[in-house]
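Undergrad: The structure file run-v6.txt (compact mmCIF, C-alpha atoms and all ligand atoms) is provided below.
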```
# COMPACT_ATOMS: atom_id res chain seq x y z
CA MET A 1 0.00 0.00 0.00
CA GLY A 2 1.24 3.53 -0.77
CA THR A 3 1.61 6.07 1.95
CA ILE A 4 -1.20 8.42 2.77
CA ASN A 5 -0.52 11.39 5.05
CA ILE A 6 -2.84 13.99 6.45
CA ILE A 7 -1.43 17.45 7.00
CA GLN A 8 -3.14 20.53 8.35
CA GLY A 9 -2.20 23.55 6.32
CA ASP A 10 -2.00 25.40 3.08
CA ILE A 11 -1.59 23.13 0.06
CA THR A 12 0.44 25.75 -1.80
CA THR A 13 3.33 24.99 0.59
CA ALA A 14 3.35 21.26 -0.26
CA LYS A 15 6.71 19.85 -1.39
CA VAL A 16 5.37 17.31 -3.86
CA ASP A 17 5.59 16.60 -7.57
CA ALA A 18 1.95 17.48 -8.19
CA ILE A 19 -0.54 19.71 -6.38
CA VAL A 20 -4.20 19.04 -7.11
CA ASN A 21 -6.46 22.04 -7.57
CA ALA A 22 -10.18 21.85 -6.78
CA ALA A 23 -11.06 23.84 -9.87
CA ASN A 24 -14.22 24.42 -11.88
CA PRO A 25 -14.83 23.29 -15.47
CA ARG A 26 -13.71 26.59 -17.01
CA MET A 27 -10.31 26.27 -15.29
CA LEU A 28 -9.64 29.99 -15.17
CA GLY A 29 -9.46 30.39 -11.40
CA GLY A 30 -12.14 30.96 -8.76
CA GLY A 31 -12.39 31.12 -4.97
CA GLY A 32 -11.20 28.84 -2.15
CA VAL A 33 -8.18 26.65 -2.78
CA ASP A 34 -8.27 27.51 -6.50
CA ALA A 35 -7.66 31.17 -5.69
CA ALA A 36 -4.87 30.29 -3.23
CA ILE A 37 -3.11 28.11 -5.82
CA HIS A 38 -3.33 30.75 -8.56
CA ARG A 39 -2.12 33.42 -6.14
CA ALA A 40 0.90 31.38 -5.06
CA ALA A 41 1.73 30.14 -8.57
CA GLY A 42 1.56 33.59 -10.15
CA PRO A 43 0.17 34.63 -13.54
CA GLU A 44 1.94 31.86 -15.48
CA LEU A 45 -0.59 29.36 -14.14
CA LEU A 46 -3.52 31.23 -15.64
CA SER A 47 -1.74 31.54 -18.97
CA VAL A 48 -1.03 27.78 -19.16
CA CYS A 49 -4.64 27.06 -18.13
CA LYS A 50 -5.86 29.21 -21.02
CA LYS A 51 -3.89 26.98 -23.41
CA VAL A 52 -5.80 23.86 -22.34
CA PRO A 53 -8.28 23.06 -25.13
CA ALA A 54 -11.81 24.21 -24.37
CA ILE A 55 -15.19 23.29 -25.80
CA ASN A 56 -17.70 26.08 -25.22
CA GLY A 57 -15.42 27.41 -22.47
CA ILE A 58 -15.23 24.02 -20.70
CA ARG A 59 -11.64 22.83 -20.23
CA CYS A 60 -12.24 20.19 -17.58
CA PRO A 61 -15.72 18.59 -17.34
CA PHE A 62 -16.86 17.54 -13.85
CA GLY A 63 -14.94 14.45 -12.69
CA GLU A 64 -12.16 14.84 -15.24
CA ALA A 65 -8.63 16.19 -14.65
CA ARG A 66 -6.08 18.23 -16.60
CA ILE A 67 -2.38 18.77 -15.95
CA THR A 68 -0.35 21.95 -16.36
CA SER A 69 2.98 23.33 -15.24
CA ALA A 70 2.96 24.98 -11.83
CA GLY A 71 4.36 28.51 -12.19
CA ASN A 72 6.14 29.62 -9.00
CA LEU A 73 4.99 26.69 -6.88
CA ALA A 74 7.57 24.20 -5.63
CA ALA A 75 5.62 21.42 -7.37
CA LYS A 76 6.34 20.38 -10.98
CA TYR A 77 2.68 20.18 -11.91
CA VAL A 78 -0.76 21.39 -11.00
CA ILE A 79 -3.45 18.82 -11.68
CA HIS A 80 -6.79 20.55 -12.02
CA THR A 81 -9.98 18.65 -11.38
CA ALA A 82 -13.56 19.83 -11.14
CA GLY A 83 -15.25 17.86 -8.39
CA PRO A 84 -19.04 17.58 -8.26
CA ILE A 85 -21.38 20.32 -7.10
CA TYR A 86 -23.12 18.19 -4.48
CA GLN A 87 -26.63 19.61 -4.86
CA SER A 88 -26.81 19.52 -8.64
CA ASP A 89 -24.79 16.43 -9.61
CA LYS A 90 -27.03 13.38 -10.19
CA THR A 91 -24.27 10.97 -9.17
CA PRO A 92 -21.92 12.98 -6.92
CA GLN A 93 -20.28 9.83 -5.51
CA GLN A 94 -19.16 8.68 -8.95
CA THR A 95 -18.04 12.16 -9.97
CA LEU A 96 -15.97 12.66 -6.81
CA ALA A 97 -14.34 9.23 -7.14
CA ALA A 98 -13.58 10.03 -10.80
CA SER A 99 -11.90 13.31 -9.82
CA TYR A 100 -9.53 11.51 -7.44
CA GLN A 101 -8.95 8.63 -9.84
CA ASN A 102 -8.28 10.85 -12.89
CA ALA A 103 -5.92 13.08 -10.90
CA LEU A 104 -3.97 10.07 -9.58
CA THR A 105 -3.77 8.51 -13.05
CA LEU A 106 -2.43 11.73 -14.56
CA ALA A 107 0.19 11.93 -11.79
CA LEU A 108 1.37 8.38 -12.55
CA ASP A 109 1.37 9.07 -16.32
CA HIS A 110 3.75 11.97 -15.60
CA HIS A 111 6.03 9.86 -13.38
CA CYS A 112 5.12 11.71 -10.19
CA LYS A 113 6.11 10.10 -6.90
CA SER A 114 4.15 12.42 -4.64
CA ILE A 115 0.86 14.27 -4.87
CA ALA A 116 -1.06 16.65 -2.59
CA PHE A 117 -4.86 16.87 -2.53
CA PRO A 118 -7.20 19.35 -0.92
CA ALA A 119 -10.64 18.14 0.21
CA ILE A 120 -12.14 18.32 -3.28
CA SER A 121 -15.75 19.64 -3.37
CA CYS A 122 -15.84 20.10 0.43
CA GLY A 123 -15.99 23.91 0.31
CA ILE A 124 -18.03 25.96 -2.14
CA TYR A 125 -19.30 22.79 -3.87
CA GLY A 126 -20.95 21.62 -0.62
CA TYR A 127 -20.03 17.93 -0.42
CA PRO A 128 -20.77 16.35 3.01
CA ILE A 129 -17.37 15.84 4.62
CA GLU A 130 -17.75 12.28 5.96
CA GLU A 131 -18.93 10.90 2.65
CA ALA A 132 -16.19 12.79 0.82
CA ALA A 133 -13.51 11.41 3.18
CA GLU A 134 -14.72 7.86 2.61
CA ILE A 135 -14.56 8.22 -1.18
CA ALA A 136 -11.23 10.07 -1.18
CA ILE A 137 -9.47 7.48 0.98
CA ASP A 138 -11.12 4.55 -0.75
CA VAL A 139 -9.78 5.65 -4.15
CA CYS A 140 -6.34 6.62 -2.81
CA GLN A 141 -5.88 3.19 -1.18
CA ARG A 142 -6.39 1.29 -4.43
CA PRO A 143 -3.37 -0.84 -5.35
CA ASP A 144 -3.00 1.05 -8.68
CA TYR A 145 -1.73 4.04 -6.72
CA SER A 146 0.55 2.22 -4.30
CA GLY A 147 3.61 3.81 -5.88
CA LEU A 148 2.52 7.27 -4.83
CA ASN A 149 3.05 9.23 -1.64
CA ILE A 150 -0.35 10.88 -1.22
CA GLN A 151 -0.74 13.88 1.06
CA PHE A 152 -4.07 15.42 2.02
CA TYR A 153 -3.72 19.10 2.92
CA LEU A 154 -6.76 19.92 5.01
CA PHE A 155 -7.63 23.36 6.15
CA ASN A 156 -9.61 23.02 9.33
CA ASP A 157 -9.85 20.89 12.49
CA ALA A 158 -13.25 19.41 11.68
CA ILE A 159 -12.19 18.13 8.27
CA MET A 160 -8.87 16.88 9.71
CA ALA A 161 -10.69 14.89 12.39
CA ILE A 162 -13.05 13.26 9.91
CA TRP A 163 -10.28 12.35 7.47
CA ASN A 164 -8.11 10.95 10.30
CA ARG A 165 -10.99 8.85 11.60
CA GLU A 166 -11.66 7.45 8.15
CA LEU A 167 -8.00 6.59 7.58
CA ILE A 168 -7.62 4.92 10.99
CA SER A 169 -10.82 2.93 10.50
CA ARG A 170 -9.26 1.49 7.36
CA GLY A 171 -6.22 0.33 9.24
CA GLN A 172 -3.71 2.98 8.33
CA SER A 173 -2.16 5.34 10.82
CA CYS A 174 -1.52 8.90 9.82
N1 LIG A 201 -5.01 24.74 1.18
C1 LIG A 201 -5.73 23.62 1.46
N2 LIG A 201 -7.07 23.61 1.49
C2 LIG A 201 -7.72 24.77 1.26
C3 LIG A 201 -7.04 25.99 0.96
C4 LIG A 201 -5.63 25.94 0.94
N3 LIG A 201 -4.90 27.03 0.67
N4 LIG A 201 -7.98 26.96 0.76
C5 LIG A 201 -9.19 26.39 0.94
N5 LIG A 201 -9.04 25.07 1.24
P1 LIG A 201 -13.08 24.92 -2.24
P2 LIG A 201 -14.66 23.09 -3.94
C6 LIG A 201 -10.07 24.05 1.50
O1 LIG A 201 -14.27 25.76 -1.99
O2 LIG A 201 -15.63 22.86 -2.84
C7 LIG A 201 -13.59 27.49 -6.43
O3 LIG A 201 -14.16 28.75 -6.67
C8 LIG A 201 -11.45 24.49 1.85
O4 LIG A 201 -11.52 24.85 3.23
O5 LIG A 201 -11.79 25.58 -2.52
O6 LIG A 201 -14.17 21.92 -4.73
C9 LIG A 201 -13.35 26.73 -7.73
O7 LIG A 201 -12.96 27.59 -8.78
C10 LIG A 201 -12.24 23.22 1.55
O8 LIG A 201 -12.15 22.31 2.64
O9 LIG A 201 -13.33 23.87 -3.48
C11 LIG A 201 -14.68 26.12 -7.97
O10 LIG A 201 -15.58 27.03 -8.58
C12 LIG A 201 -11.50 22.61 0.37
O11 LIG A 201 -10.25 23.31 0.30
C13 LIG A 201 -15.19 25.78 -6.60
O12 LIG A 201 -14.54 26.71 -5.72
C14 LIG A 201 -12.21 22.75 -0.97
O13 LIG A 201 -12.95 23.95 -0.97
C15 LIG A 201 -14.77 24.40 -6.17
O14 LIG A 201 -15.35 24.12 -4.93
```
Please go through the file and, once you have read it, give me the structure as structure tokens.

TA:
Amino acid sequence: MGTINIIQGDITTAKVDAIVNAANPRMLGGGGVDAAIHRAAGPELLSVCKKVPAINGIRCPFGEARITSAGNLAAKYVIHTAGPIYQSDKTPQQTLAASYQNALTLALDHHCKSIAFPAISCGIYGYPIEEAAEIAIDVCQRPDYSGLNIQFYLFNDAIMAIWNRELISRGQSC
């Protein structure tokens, strides 16, 4: 099994090969962690995002992921994924699992050894935290990703506690 660590703090400080951004389908920035990542990466990140092919303004449909360079961040890559909007997605569980899975697959395709995730969809997109933790850890523990060091950067005590509980209940200490 790969390593999964839970860290309280700002994901833009992560020393990993790839930082995952909880983006939206347009991929041109937004609020929350998306804003923090664009702020820390500088304007180069927005310019590489603009180069990602778009159909009707959509660069990254819900549940998919796209990879770009990372501007001024210490990471080599930013992997952008649009998690589900909990209230409007018909199958939010599948969409959230797909976001994690597609981000992890892109990281492996680009020979990454380490990746940092925020709690995708758990802010503005309104996903219930316990259910999100279960899906996130379930996908990250799949044998396909055992070569990766996976770090969850979580912003507040409540989310940390829920993620820790989920990880411990699955037999991994954090
Ligand atoms: N480091 C780690 N986690 C953070 C940081 C940070 N610097 N900043 C916020 N979080 P959200 P979503 C946490 O709303 O729900 C954007 O506008 C935050 O506390 O950033 O997927 C996008 O453009 C929460 O727990 O992402 C989309 O439109 C988690 O990151 C939309 O929001 C995710 O919250 C995506 O919504």

Undergrad: What is the distance, in Å and to one decimal place, between CA of Ile11 in chain A and CA of Arg165 in chain A?

TA: 20.6 Å

Undergrad: For the atom pair CA of Tyr86 in chain A and CA of Tyr125 in chain A, what is the interatomic distance in Å to one decimal place?

TA: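 Atom-to-atom, CA of Tyr86 in chain A to CA of Tyr125 in chain A, that is 6.0 Å.
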
Undergrad: Need to verify the contact set: Ile7 in chain A, 8 Å, all atoms listed in the file, exclusion of same-chain residues closer than 4 positions in sequence. Can you return it as number ranges by chain?

TA: A: 151-154, 160

Undergrad: Report as JSON lines the residues of chain A within 9 Å of ligand LIG 201 (chain A), each with its shortest atom pair and distance in Å (one decimal), using all atoms listed in the file, ordered by chain and increasing residue number.

TA:
```
{"residue": "A:Gln8", "atom": "CA", "partner": "A:LIG201", "partner_atom": "C1", "distance": 8.0}
{"residue": "A:Gly9", "atom": "CA", "partner": "A:LIG201", "partner_atom": "N1", "distance": 6.0}
{"residue": "A:Asp10", "atom": "CA", "partner": "A:LIG201", "partner_atom": "N1", "distance": 3.6}
{"residue": "A:Ile11", "atom": "CA", "partner": "A:LIG201", "partner_atom": "N1", "distance": 3.9}
{"residue": "A:Thr12", "atom": "CA", "partner": "A:LIG201", "partner_atom": "N3", "distance": 6.0}
{"residue": "A:Thr13", "atom": "CA", "partner": "A:LIG201", "partner_atom": "N1", "distance": 8.4}
{"residue": "A:Asn21", "atom": "CA", "partner": "A:LIG201", "partner_atom": "O5", "distance": 8.2}
{"residue": "A:Ala22", "atom": "CA", "partner": "A:LIG201", "partner_atom": "O6", "distance": 4.5}
{"residue": "A:Ala23", "atom": "CA", "partner": "A:LIG201", "partner_atom": "C9", "distance": 4.3}
{"residue": "A:Asn24", "atom": "CA", "partner": "A:LIG201", "partner_atom": "C11", "distance": 4.3}
{"residue": "A:Pro25", "atom": "CA", "partner": "A:LIG201", "partner_atom": "O10", "distance": 7.9}
{"residue": "A:Arg26", "atom": "CA", "partner": "A:LIG201", "partner_atom": "O7", "distance": 8.3}
{"residue": "A:Met27", "atom": "CA", "partner": "A:LIG201", "partner_atom": "O7", "distance": 7.2}
{"residue": "A:Leu28", "atom": "CA", "partner": "A:LIG201", "partner_atom": "O7", "distance": 7.6}
{"residue": "A:Gly29", "atom": "CA", "partner": "A:LIG201", "partner_atom": "O7", "distance": 5.2}
{"residue": "A:Gly30", "atom": "CA", "partner": "A:LIG201", "partner_atom": "O7", "distance": 3.5}
{"residue": "A:Gly31", "atom": "CA", "partner": "A:LIG201", "partner_atom": "O3", "distance": 3.4}
{"residue": "A:Gly32", "atom": "CA", "partner": "A:LIG201", "partner_atom": "O5", "distance": 3.3}
{"residue": "A:Val33", "atom": "CA", "partner": "A:LIG201", "partner_atom": "N4", "distance": 3.6}
{"residue": "A:Asp34", "atom": "CA", "partner": "A:LIG201", "partner_atom": "O7", "distance": 5.2}
{"residue": "A:Ala35", "atom": "CA", "partner": "A:LIG201", "partner_atom": "O3", "distance": 7.0}
{"residue": "A:Ala36", "atom": "CA", "partner": "A:LIG201", "partner_atom": "N3", "distance": 5.1}
{"residue": "A:Ile37", "atom": "CA", "partner": "A:LIG201", "partner_atom": "N3", "distance": 6.8}
{"residue": "A:Thr81", "atom": "CA", "partner": "A:LIG201", "partner_atom": "O6", "distance": 8.5}
{"residue": "A:Ala82", "atom": "CA", "partner": "A:LIG201", "partner_atom": "O6", "distance": 6.8}
{"residue": "A:Gly83", "atom": "CA", "partner": "A:LIG201", "partner_atom": "O6", "distance": 5.6}
{"residue": "A:Pro84", "atom": "CA", "partner": "A:LIG201", "partner_atom": "O6", "distance": 7.4}
{"residue": "A:Ile85", "atom": "CA", "partner": "A:LIG201", "partner_atom": "O14", "distance": 7.5}
{"residue": "A:Tyr86", "atom": "CA", "partner": "A:LIG201", "partner_atom": "O2", "distance": 9.0}
{"residue": "A:Phe117", "atom": "CA", "partner": "A:LIG201", "partner_atom": "C1", "distance": 7.9}
{"residue": "A:Pro118", "atom": "CA", "partner": "A:LIG201", "partner_atom": "N2", "distance": 4.9}
{"residue": "A:Ala119", "atom": "CA", "partner": "A:LIG201", "partner_atom": "C12", "distance": 4.6}
{"residue": "A:Ile120", "atom": "CA", "partner": "A:LIG201", "partner_atom": "O6", "distance": 4.4}
{"residue": "A:Ser121", "atom": "CA", "partner": "A:LIG201", "partner_atom": "O6", "distance": 3.1}
{"residue": "A:Cys122", "atom": "CA", "partner": "A:LIG201", "partner_atom": "O2", "distance": 4.3}
{"residue": "A:Gly123", "atom": "CA", "partner": "A:LIG201", "partner_atom": "O13", "distance": 3.3}
{"residue": "A:Ile124", "atom": "CA", "partner": "A:LIG201", "partner_atom": "O1", "distance": 3.8}
{"residue": "A:Tyr125", "atom": "CA", "partner": "A:LIG201", "partner_atom": "O2", "distance": 3.8}
{"residue": "A:Gly126", "atom": "CA", "partner": "A:LIG201", "partner_atom": "O2", "distance": 5.9}
{"residue": "A:Tyr127", "atom": "CA", "partner": "A:LIG201", "partner_atom": "O2", "distance": 7.0}
{"residue": "A:Ile129", "atom": "CA", "partner": "A:LIG201", "partner_atom": "O8", "distance": 8.5}
{"residue": "A:Phe152", "atom": "CA", "partner": "A:LIG201", "partner_atom": "C1", "distance": 8.4}
{"residue": "A:Tyr153", "atom": "CA", "partner": "A:LIG201", "partner_atom": "C1", "distance": 5.2}
{"residue": "A:Leu154", "atom": "CA", "partner": "A:LIG201", "partner_atom": "N2", "distance": 5.1}
{"residue": "A:Phe155", "atom": "CA", "partner": "A:LIG201", "partner_atom": "N2", "distance": 4.7}
{"residue": "A:Asn156", "atom": "CA", "partner": "A:LIG201", "partner_atom": "O4", "distance": 6.6}
{"residue": "A:Ile159", "atom": "CA", "partner": "A:LIG201", "partner_atom": "O8", "distance": 7.0}
```

Undergrad: For a quick check of understanding, using all atoms listed in the file, which of A:Ala107, A:Pro43, A:Pro143, A:Val52 has the smallest distance to Ala75 in chain A?

TA: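 Nearest candidate to Ala75 in chain A out of A:Ala107, A:Pro43, A:Pro143, A:Val52: A:Ala107.
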
Undergrad: Report, in Å to a single decimal, how far apart CA of Leu73 in chain A and CA of Leu108 in chain A are.

TA: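 Atom-to-atom, CA of Leu108 in chain A and CA of Leu73 in chain A are spaced 19.5 Å apart.
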
Undergrad: Closest to Lys76 in chain A among A:Glu166, A:Asp17, A:Glu134, A:Asp144, using only C-alpha atoms?

TA: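 Using only C-alpha atoms, the shortest distance to Lys76 in chain A belongs to A:Asp17.
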
Undergrad: For each of A:Pro92, A:Pro128, A:Pro61, A:Gly147, take the minimum atom-to-atom distance to Lys113 in chain A, counting all atoms listed in the file, then give the residue where this is smallest.

TA: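 Among the listed residues, the smallest separation from Lys113 in chain A belongs to A:Gly147.
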
Undergrad: Between A:Ala161, A:Ala18, A:Leu96, A:Ile4, which residue has the minimum interatomic distance to His80 in chain A, considering only C-alpha atoms?

TA: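 With only C-alpha atoms as the atom set, the closest residue is A:Ala18.
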
Undergrad: Nearest residue to Gln101 in chain A out of A:Ala136, A:Val16, A:Gly57, A:Ile168, using only C-alpha atoms?

TA: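 Among the listed residues, A:Ala136 lies closest to Gln101 in chain A.
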
Undergrad: Which one is closest to Ile67 in chain A: A:Tyr100, A:Leu106, A:Thr95, A:Gly42? Count only C-alpha atoms.

TA: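 Closest candidate: A:Leu106.
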
Undergrad: If we count all atoms listed in the file, what is near Glu130 in chain A at a cut-off of 8 Å, once residues fewer than 3 positions away on the same chain are taken out, given as a PyMOL selection string?

TA: chain A and resi 133-134+162-163

Undergrad: Generate the output file for the selected residues, C-alpha atoms, as a short mmCIF file (atom, residue, chain, number, x, y, z; two decimals), in the frame of the given file.

TA:
```
data_model
loop_
_atom_site.label_atom_id
_atom_site.label_comp_id
_atom_site.auth_asym_id
_atom_site.auth_seq_id
_atom_site.Cartn_x
_atom_site.Cartn_y
_atom_site.Cartn_z
CA ALA A 133 -13.51 11.41 3.18
CA GLU A 134 -14.72 7.86 2.61
CA ILE A 162 -13.05 13.26 9.91
CA TRP A 163 -10.28 12.35 7.47
#
```
